[in-house]
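The block underneath contains the structure these notes are about, expressed in structure tokens.
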Amino acid sequence: MSERFYITTAIDYVNGRPHLGHAYEKVITDVIARSRRSLGEQVFFLTGLDEHGQKVQQAAAAEGREPQVYCDDIARAFRELATSLNLTLDDFVRTTESRHRTVVQAILAKLHREGRFRVGTYEGWYSPKEETFLTEKDRLPDGSFPAVYGQVNPLVESNYFFPLQPYQQWLIDHIESHPDFVYPDYRRNEVLGFLKKEPLEDLCISRPKSRLAWGIPLPFDPDYVTYVWFDALTNYVTVPASMGDATAAGPIGLPVDPGAPSLWPAIHVIGKDILKFHAVYWPIMLHAAGIPIPRQILAHGWWQKDGQKLSKSTGNVVDPHVVINEWGVDAFRYYLVRELDIGPDGNWTDSGFSARYHAELANGLGNLVNRSLKMLKSYRAGRIPAPSTDLASAAAGAAEAVAKAYRAYELQGALVAAWELVDRANKFVEETAPFKLAKDPSQAARLDEILYSLVESCRILAVLLWPVIPETAGKIYAQLGSPGVPDSFASSAWGGLQEGQMVGEPLPLFPRKDAPVKK
Ligand code: MSP
């Protein structure tokens, strides 16, 4: 089978309900997935849930529920979010599924068989909250441990360890010879800095069942479950391997299906906080298991609201469902992508959201489509005139810039480039004043040209913007009377609208919400 563009998000912890950070990551990944499909690639988009470990066990216990019942309940909320965000998922993986357990155990069994683990005694400090072993180096100058670790307890425990040092130089060489492996480049430098600083410590890959029961049992020692990060990272291989993709299933001895799609290796979209797990531990796990390492890791920044950390306890939150219900899913998707490029941190403000909605969506794109269609309705009874070329080069320039930006993961740049066409076309209306020409029968041919250029620009914008605002792009096509869905970049070539096509009803795409209430 032909090779796919296989893209994944981090799998979310189910110890709370979905929030803005989760939604952002899923939206940008969906925009990349849709844009690649539109550009002609075969895409596979995976997301899912991280359901094992102490955090989840504790969250379930706090509600007095069985962990699996608790997980099933929260999983519903995450799936609902995926639906309301309009994600084009190809699969949804949960780490409590048996297909996942099979793959995790296959990798562990192979690494164990080949002598990659050692048994050791851990003596030190442990943070149950972060499921992390701490050392004296982690203490603050005043002797305490940082607050993120919660209550820190002394611990002596026998466990399985995975020595990472034998792979350290190999990984440095790989990252240095593959500049795109971690995007953006300042995150890549961060990883290299970490790798070059000191020898990697052995990774503890087990937890005694007596202390933590909620996990995948080690296939070679039933007294232990798998460390939650080893379990979680493997989700990315679970899906291709259980479908029989030879690259993923073959090296770990799982059945290969020659008809399965060729998915592995993946492109991972993650937040900056989990970069070390994805750019250091994960490639080493895979390499040791004989599986090719990921194609690329895209690390995005973190959102705050009003300059403060998002936090349930202080109520500083943005509930994606509330925003979507009030403003529509496309306004939400648009703001996330337009406001924050993949890399830096972002800041949500309600006033910034409303400002972009009104200036860019309502007055910009919405107004262009609405007035172009209305003029065509009133001056030409809704019939598309013969093709003209006034805005053809502006549209071609925008299409080229937008495609280039999508390919480079510059999603914000794609919107900026598309809005150059929105602004150009709106300005074209002011410059050519079709409402004046309509009163002068000798200008009929010129008016035809102007109207064609306007509605054709609207059609092309639907194609360019479909990855970000698919619902609106579909509405633009429907209002133009164009059949199908604007999901293929190839149809952004000028001249798609045919003379004689009848447009539909012009309805506002983004109704203003700040208009004074009429008495
Ligand atoms: N379960 C782990 C990931 C395992 S991947 C093999 C995890 N889960 S999480 O629910 O805490 O976070 C999921 C994703 O959401 C991460 O990529 C994280 O960076 C992202 N975000 C969580 N809060 C965020 C913001 N405030 N802003 C942007 N993204 C953030 O980590």
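Labels for the structure tokens follow display order: chains A, B, ..., residues from 1 in each chain, ligands from 1.
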So that each row is one residue of chain A with an atom at most 6 Å from ligand 1, can you give its shortest atom pair and the distance in Å to one decimal, using only C-alpha atoms and all ligand atoms, rows by chain and rising number, as a Markdown table?
```
| residue | atom | partner | partner_atom_place_in_ligand_line | distance |
| --- | --- | --- | --- | --- |
| A:Ala10 | CA | ligand 1 | 5 (S) | 3.9 |
| A:Ile11 | CA | ligand 1 | 5 (S) | 4.6 |
| A:Asp12 | CA | ligand 1 | 10 (O) | 3.6 |
| A:Tyr13 | CA | ligand 1 | 10 (O) | 4.1 |
| A:Gly21 | CA | ligand 1 | 24 (C) | 3.5 |
| A:His22 | CA | ligand 1 | 15 (O) | 4.4 |
| A:Asp50 | CA | ligand 1 | 1 (N) | 5.0 |
| A:Ala232 | CA | ligand 1 | 6 (C) | 4.4 |
| A:Leu233 | CA | ligand 1 | 6 (C) | 3.9 |
| A:Ile270 | CA | ligand 1 | 17 (O) | 4.0 |
| A:Gly271 | CA | ligand 1 | 19 (O) | 3.1 |
| A:Lys272 | CA | ligand 1 | 19 (O) | 5.8 |
| A:Asp273 | CA | ligand 1 | 19 (O) | 5.4 |
| A:Gly301 | CA | ligand 1 | 28 (C) | 5.8 |
| A:Trp302 | CA | ligand 1 | 27 (N) | 3.4 |
| A:Trp303 | CA | ligand 1 | 27 (N) | 3.9 |
| A:Gln304 | CA | ligand 1 | 26 (N) | 6.0 |
| A:Leu310 | CA | ligand 1 | 26 (N) | 5.9 |
```
For the residues selected in the previous step, produce a file with N, CA, C and O atoms as a tab-separated table (two decimals), in the first residue's frame.
```
chain	number	residue	atom	x	y	z
A	10	ALA	N	-0.71	14.22	20.96
A	10	ALA	CA	-0.48	13.56	22.25
A	10	ALA	C	-1.81	12.92	22.67
A	10	ALA	O	-2.88	13.37	22.25
A	11	ILE	N	-1.74	11.87	23.46
A	11	ILE	CA	-2.99	11.31	23.98
A	11	ILE	C	-3.23	11.92	25.36
A	11	ILE	O	-2.33	11.96	26.19
A	12	ASP	N	-4.42	12.43	25.56
A	12	ASP	CA	-4.71	13.23	26.75
A	12	ASP	C	-4.94	12.35	27.98
A	12	ASP	O	-5.54	11.28	27.90
A	13	TYR	N	-4.50	12.87	29.11
A	13	TYR	CA	-4.82	12.20	30.38
A	13	TYR	C	-6.31	12.35	30.64
A	13	TYR	O	-6.88	13.41	30.39
A	21	GLY	N	-6.17	23.78	26.02
A	21	GLY	CA	-4.88	23.23	25.57
A	21	GLY	C	-5.08	21.98	24.74
A	21	GLY	O	-4.47	21.81	23.68
A	22	HIS	N	-5.97	21.09	25.22
A	22	HIS	CA	-6.25	19.87	24.45
A	22	HIS	C	-6.84	20.24	23.09
A	22	HIS	O	-6.48	19.69	22.06
A	50	ASP	N	-4.84	8.67	27.25
A	50	ASP	CA	-3.82	8.07	28.11
A	50	ASP	C	-4.53	7.73	29.42
A	50	ASP	O	-4.80	8.62	30.22
A	232	ALA	N	2.17	4.90	27.31
A	232	ALA	CA	1.48	5.93	26.52
A	232	ALA	C	2.16	6.19	25.18
A	232	ALA	O	1.50	6.27	24.14
A	233	LEU	N	3.48	6.31	25.18
A	233	LEU	CA	4.18	6.63	23.92
A	233	LEU	C	3.92	5.56	22.87
A	233	LEU	O	3.81	5.84	21.67
A	270	ILE	N	2.83	17.71	19.56
A	270	ILE	CA	2.81	17.65	21.04
A	270	ILE	C	3.04	19.04	21.62
A	270	ILE	O	3.49	19.95	20.92
A	271	GLY	N	2.80	19.19	22.92
A	271	GLY	CA	3.11	20.43	23.61
A	271	GLY	C	4.56	20.43	24.07
A	271	GLY	O	5.18	19.37	24.25
A	272	LYS	N	5.08	21.63	24.28
A	272	LYS	CA	6.52	21.78	24.61
A	272	LYS	C	6.89	21.05	25.90
A	272	LYS	O	8.04	20.66	26.08
A	273	ASP	N	5.92	20.86	26.80
A	273	ASP	CA	6.23	20.25	28.11
A	273	ASP	C	6.59	18.78	28.00
A	273	ASP	O	7.19	18.23	28.92
A	301	GLY	N	3.45	25.63	21.59
A	301	GLY	CA	3.54	26.32	22.88
A	301	GLY	C	2.29	26.12	23.72
A	301	GLY	O	1.39	25.35	23.36
A	302	TRP	N	2.25	26.81	24.81
A	302	TRP	CA	1.14	26.69	25.75
A	302	TRP	C	0.29	27.95	25.77
A	302	TRP	O	0.79	29.05	25.67
A	303	TRP	N	-0.99	27.73	25.93
A	303	TRP	CA	-1.93	28.86	26.05
A	303	TRP	C	-2.08	29.26	27.51
A	303	TRP	O	-2.13	28.41	28.40
A	304	GLN	N	-2.20	30.57	27.68
A	304	GLN	CA	-2.66	31.12	28.95
A	304	GLN	C	-3.97	31.86	28.67
A	304	GLN	O	-4.34	32.04	27.51
A	310	LEU	N	-3.74	28.55	32.76
A	310	LEU	CA	-5.08	27.96	32.80
A	310	LEU	C	-5.17	27.11	34.06
A	310	LEU	O	-4.27	26.33	34.34
```
Polymer residues at most 7 Å from A:Gly343, only C-alpha atoms, same-chain spacing of 5 or more positions, as a short mmCIF file (atom, residue, chain, number, x, y, z; two decimals) with all heavy atoms, in the first residue's frame:
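So part_27.cif came out as:
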```cif
data_model
loop_
_atom_site.label_atom_id
_atom_site.label_comp_id
_atom_site.auth_asym_id
_atom_site.auth_seq_id
_atom_site.Cartn_x
_atom_site.Cartn_y
_atom_site.Cartn_z
N PRO A 184 9.70 23.63 16.14
CA PRO A 184 10.61 24.55 15.46
C PRO A 184 12.06 24.39 15.95
O PRO A 184 12.30 23.67 16.91
CB PRO A 184 10.06 25.94 15.84
CG PRO A 184 9.27 25.75 17.08
CD PRO A 184 8.83 24.32 17.12
N ALA A 299 6.53 20.65 18.11
CA ALA A 299 6.22 21.03 19.50
C ALA A 299 5.58 22.42 19.53
O ALA A 299 6.20 23.41 19.12
CB ALA A 299 7.48 21.00 20.34
N HIS A 300 4.34 22.46 20.00
CA HIS A 300 3.65 23.75 20.08
C HIS A 300 3.80 24.34 21.48
O HIS A 300 4.17 23.66 22.43
CB HIS A 300 2.17 23.60 19.71
CG HIS A 300 1.39 22.70 20.64
ND1 HIS A 300 1.01 23.09 21.90
CD2 HIS A 300 0.95 21.42 20.51
CE1 HIS A 300 0.35 22.10 22.48
NE2 HIS A 300 0.30 21.07 21.66
N GLY A 301 3.45 25.63 21.59
CA GLY A 301 3.54 26.32 22.88
C GLY A 301 2.29 26.12 23.72
O GLY A 301 1.39 25.35 23.36
#
```
Problem set entry | Interatomic distance, atom CA of A:Leu39 to atom CA of A:Ala403 (Å, one decimal) | 7.7 Å
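Separating atom CA of A:Gly413 from atom CA of A:Leu85 is a distance of 21.4 Å.
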Exercise. Mind checking DSSP for stretch 55-196 of chain A and telling me the strand (DSSP E or B) residues as a list in words?
Worked result: Asp91, Phe92, Val93, Arg94, Arg118, Val119, Gly120, Thr121, Tyr122, Glu123, Gly124, Trp125, Tyr126, Ser127, Thr132, Phe133, Leu134, Asn153, Pro154, Leu155, Val156, Glu157, Ser158, Asn159, Tyr160, Phe161, Phe162, Val182 and Tyr183 of chain A
Problem set entry | One-decimal distance in Å that lies between atom CA of A:Glu201 and atom CA of A:Pro222 | 25.1 Å
Do a neighbour search on stretch 320-326 of chain A at 8 Å with only C-alpha atoms, toss out local chain neighbours closer than 4 positions, and write the hits as a PDB file with all heavy atoms, in the first residue's frame.
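Full text of around_7.pdb as output:
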```
ATOM      1  N   HIS A  19      -9.868  20.683  27.903  1.00  0.00           N
ATOM      2  CA  HIS A  19      -9.790  22.150  28.007  1.00  0.00           C
ATOM      3  C   HIS A  19      -9.149  22.750  26.755  1.00  0.00           C
ATOM      4  O   HIS A  19      -8.853  22.029  25.787  1.00  0.00           O
ATOM      5  CB  HIS A  19      -9.052  22.555  29.284  1.00  0.00           C
ATOM      6  CG  HIS A  19      -7.655  21.998  29.396  1.00  0.00           C
ATOM      7  ND1 HIS A  19      -6.669  22.281  28.498  1.00  0.00           N
ATOM      8  CD2 HIS A  19      -7.096  21.159  30.316  1.00  0.00           C
ATOM      9  CE1 HIS A  19      -5.550  21.667  28.848  1.00  0.00           C
ATOM     10  NE2 HIS A  19      -5.787  20.962  29.943  1.00  0.00           N
ATOM     11  N   LEU A  20      -8.917  24.056  26.816  1.00  0.00           N
ATOM     12  CA  LEU A  20      -8.390  24.779  25.660  1.00  0.00           C
ATOM     13  C   LEU A  20      -7.089  24.181  25.113  1.00  0.00           C
ATOM     14  O   LEU A  20      -6.914  24.080  23.899  1.00  0.00           O
ATOM     15  CB  LEU A  20      -8.154  26.252  26.067  1.00  0.00           C
ATOM     16  CG  LEU A  20      -7.457  27.131  25.032  1.00  0.00           C
ATOM     17  CD1 LEU A  20      -8.308  27.314  23.787  1.00  0.00           C
ATOM     18  CD2 LEU A  20      -7.123  28.499  25.641  1.00  0.00           C
ATOM     19  N   ALA A  23      -7.790  21.171  23.128  1.00  0.00           N
ATOM     20  CA  ALA A  23      -8.502  21.538  21.891  1.00  0.00           C
ATOM     21  C   ALA A  23      -7.533  22.145  20.871  1.00  0.00           C
ATOM     22  O   ALA A  23      -7.586  21.832  19.687  1.00  0.00           O
ATOM     23  CB  ALA A  23      -9.626  22.518  22.212  1.00  0.00           C
ATOM     24  N   LEU A  81     -15.780  16.145  22.255  1.00  0.00           N
ATOM     25  CA  LEU A  81     -14.999  17.327  21.865  1.00  0.00           C
ATOM     26  C   LEU A  81     -14.452  17.142  20.447  1.00  0.00           C
ATOM     27  O   LEU A  81     -14.511  18.061  19.632  1.00  0.00           O
ATOM     28  CB  LEU A  81     -13.852  17.583  22.853  1.00  0.00           C
ATOM     29  CG  LEU A  81     -12.975  18.785  22.471  1.00  0.00           C
ATOM     30  CD1 LEU A  81     -13.751  20.098  22.587  1.00  0.00           C
ATOM     31  CD2 LEU A  81     -11.711  18.860  23.314  1.00  0.00           C
ATOM     32  N   SER A  84     -17.229  17.900  18.155  1.00  0.00           N
ATOM     33  CA  SER A  84     -17.590  19.325  18.024  1.00  0.00           C
ATOM     34  C   SER A  84     -16.472  20.149  17.409  1.00  0.00           C
ATOM     35  O   SER A  84     -16.740  21.203  16.849  1.00  0.00           O
ATOM     36  CB  SER A  84     -18.076  19.983  19.312  1.00  0.00           C
ATOM     37  OG  SER A  84     -17.805  19.236  20.418  1.00  0.00           O
ATOM     38  N   ALA A 331     -15.225  29.784  14.089  1.00  0.00           N
ATOM     39  CA  ALA A 331     -14.650  30.970  14.727  1.00  0.00           C
ATOM     40  C   ALA A 331     -13.601  30.533  15.748  1.00  0.00           C
ATOM     41  O   ALA A 331     -12.531  31.137  15.864  1.00  0.00           O
ATOM     42  CB  ALA A 331     -15.746  31.786  15.398  1.00  0.00           C
ATOM     43  N   PHE A 332     -13.897  29.451  16.466  1.00  0.00           N
ATOM     44  CA  PHE A 332     -12.959  28.930  17.469  1.00  0.00           C
ATOM     45  C   PHE A 332     -11.687  28.438  16.776  1.00  0.00           C
ATOM     46  O   PHE A 332     -10.569  28.801  17.142  1.00  0.00           O
ATOM     47  CB  PHE A 332     -13.654  27.804  18.237  1.00  0.00           C
ATOM     48  CG  PHE A 332     -12.845  27.211  19.365  1.00  0.00           C
ATOM     49  CD1 PHE A 332     -12.378  27.993  20.410  1.00  0.00           C
ATOM     50  CD2 PHE A 332     -12.580  25.841  19.399  1.00  0.00           C
ATOM     51  CE1 PHE A 332     -11.649  27.431  21.467  1.00  0.00           C
ATOM     52  CE2 PHE A 332     -11.862  25.275  20.441  1.00  0.00           C
ATOM     53  CZ  PHE A 332     -11.390  26.068  21.473  1.00  0.00           C
TER      54      PHE A 332
END
```
Problem set entry | 7 Å contact set for stretch 376-393 of chain A, only C-alpha atoms, chain neighbours under 5 positions out, as an MDAnalysis selection string | chainID A and resid 438 448:449 451:453 494:495 498:503
For this session: List the neighbours of A:Arg17 out to 9 Å using only C-alpha atoms; skip same-chain residues closer than 6 positions along the sequence, and give me the result as a ChimeraX atom specification.
Result: /A:74,77-78
Next, the residues of the selection above should be written as an mmCIF file, in the first residue's frame with N, CA, C and O atoms.
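What landed in selection-v2.cif:
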```cif
data_model
loop_
_atom_site.group_PDB
_atom_site.id
_atom_site.type_symbol
_atom_site.label_atom_id
_atom_site.label_comp_id
_atom_site.auth_asym_id
_atom_site.auth_seq_id
_atom_site.Cartn_x
_atom_site.Cartn_y
_atom_site.Cartn_z
ATOM 1 N N ILE A 74 -15.080 9.680 31.025
ATOM 2 C CA ILE A 74 -14.309 10.835 30.528
ATOM 3 C C ILE A 74 -14.027 10.670 29.034
ATOM 4 O O ILE A 74 -14.001 11.645 28.281
ATOM 5 N N ALA A 77 -16.500 12.350 26.950
ATOM 6 C CA ALA A 77 -16.360 13.806 26.842
ATOM 7 C C ALA A 77 -15.295 14.174 25.804
ATOM 8 O O ALA A 77 -15.457 15.123 25.033
ATOM 9 N N PHE A 78 -14.201 13.410 25.758
ATOM 10 C CA PHE A 78 -13.151 13.710 24.782
ATOM 11 C C PHE A 78 -13.604 13.392 23.355
ATOM 12 O O PHE A 78 -13.292 14.122 22.412
#
```
Exercise. Which residue, A:Ile172, A:Ala362, A:Met375, A:Val14, has the smallest gap to A:Leu454 when you use only C-alpha atoms?
Worked result: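 Among the listed residues, the smallest separation from A:Leu454 belongs to A:Met375.
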For this session: Please report, as number ranges by chain, each residue of stretch 56-204 of chain A to which DSSP assigns alpha helix (DSSP H) when run on this structure's backbone.
Result: A: 56-62, 67-84, 98-113, 168-177, 185-197
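The neighbours of A:Leu286 here are the residues that come within 12 Å of it, using only C-alpha atoms and leaving out any residue fewer than 5 positions away in the same chain; they are Val104, Ile107, Leu108, Lys110, Leu111, Leu164, Tyr167, Leu171, Phe230, Leu233, Thr234, Tyr236, Val237, Thr247, Ala248, Ala249, Pro251, Ile252, Trp264, Pro265, His278, Ala279, Val280, Tyr281, Ile291, Pro292, Ile293 and Pro294 of chain A.
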What's around stretch 131-138 of chain A at 8 Å? Count only C-alpha atoms, leave out sequence neighbours fewer than 6 positions away in its own chain, and write the answer as a compact mmCIF listing (two decimals) with all heavy atoms, in the first residue's frame.
```txt
# COMPACT_ATOMS: atom_id res chain seq x y z
N GLY A 53 -2.06 4.66 34.94
CA GLY A 53 -1.15 5.41 35.80
C GLY A 53 -1.81 5.98 37.04
O GLY A 53 -3.02 5.92 37.23
N GLN A 54 -0.92 6.55 37.84
CA GLN A 54 -1.33 7.02 39.15
C GLN A 54 -2.34 8.16 39.10
O GLN A 54 -3.31 8.18 39.86
CB GLN A 54 -0.08 7.50 39.88
CG GLN A 54 -0.27 7.65 41.36
CD GLN A 54 0.67 6.72 42.12
OE1 GLN A 54 1.58 6.14 41.53
NE2 GLN A 54 0.47 6.58 43.40
N LYS A 55 -2.13 9.12 38.17
CA LYS A 55 -3.02 10.28 38.08
C LYS A 55 -4.46 9.81 37.89
O LYS A 55 -5.38 10.31 38.49
CB LYS A 55 -2.67 11.12 36.85
CG LYS A 55 -1.56 12.11 37.02
CD LYS A 55 -1.39 12.87 35.71
CE LYS A 55 -0.03 13.51 35.57
NZ LYS A 55 0.03 14.92 35.83
N GLY A 124 15.35 6.71 46.87
CA GLY A 124 15.34 8.17 46.73
C GLY A 124 13.97 8.73 47.07
O GLY A 124 13.35 8.32 48.05
N TRP A 125 13.52 9.65 46.23
CA TRP A 125 12.27 10.36 46.48
C TRP A 125 11.33 10.10 45.33
O TRP A 125 11.74 9.90 44.21
CB TRP A 125 12.56 11.85 46.64
CG TRP A 125 13.52 12.11 47.75
CD1 TRP A 125 14.88 12.19 47.66
CD2 TRP A 125 13.19 12.29 49.12
NE1 TRP A 125 15.42 12.40 48.89
CE2 TRP A 125 14.40 12.48 49.83
CE3 TRP A 125 11.98 12.30 49.85
CZ2 TRP A 125 14.45 12.68 51.19
CZ3 TRP A 125 12.03 12.52 51.21
CH2 TRP A 125 13.26 12.69 51.88
N PHE A 145 10.96 20.42 47.47
CA PHE A 145 10.82 20.07 46.06
C PHE A 145 9.82 21.02 45.41
O PHE A 145 8.90 21.50 46.07
CB PHE A 145 10.34 18.62 45.92
CG PHE A 145 11.40 17.61 46.25
CD1 PHE A 145 11.38 16.93 47.46
CD2 PHE A 145 12.43 17.36 45.36
CE1 PHE A 145 12.37 16.00 47.77
CE2 PHE A 145 13.42 16.42 45.66
CZ PHE A 145 13.40 15.75 46.87
N PRO A 146 9.98 21.31 44.10
CA PRO A 146 9.05 22.24 43.44
C PRO A 146 7.59 21.80 43.61
O PRO A 146 7.29 20.59 43.63
CB PRO A 146 9.47 22.17 41.97
CG PRO A 146 10.89 21.73 41.99
CD PRO A 146 11.04 20.85 43.19
```
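If you measure from each of A:Leu212, A:Ala418, A:Tyr24, A:Ala61 to A:Gly346 using only C-alpha atoms, the closest one turns out to be A:Tyr24.
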Exercise. Of the candidates A:Cys71, A:Asp91, A:Ala289, A:Val182, which shows the shortest atom-to-atom distance to A:Arg116, using only C-alpha atoms?
Worked result: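 Going through A:Cys71, A:Asp91, A:Ala289, A:Val182 one by one, the smallest distance to A:Arg116 is for A:Ala289.
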For this session: Have a look at A:Trp229, A:Pro240, A:Gly397, A:Phe162 and name the one nearest to A:Ile284; count only C-alpha atoms.
Result: A:Phe162
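For the residues A:Thr432, A:Ser35, A:Asn15, A:Ser127, ranking by smallest atom-to-atom distance to A:Ala62 using only C-alpha atoms places A:Asn15 first.
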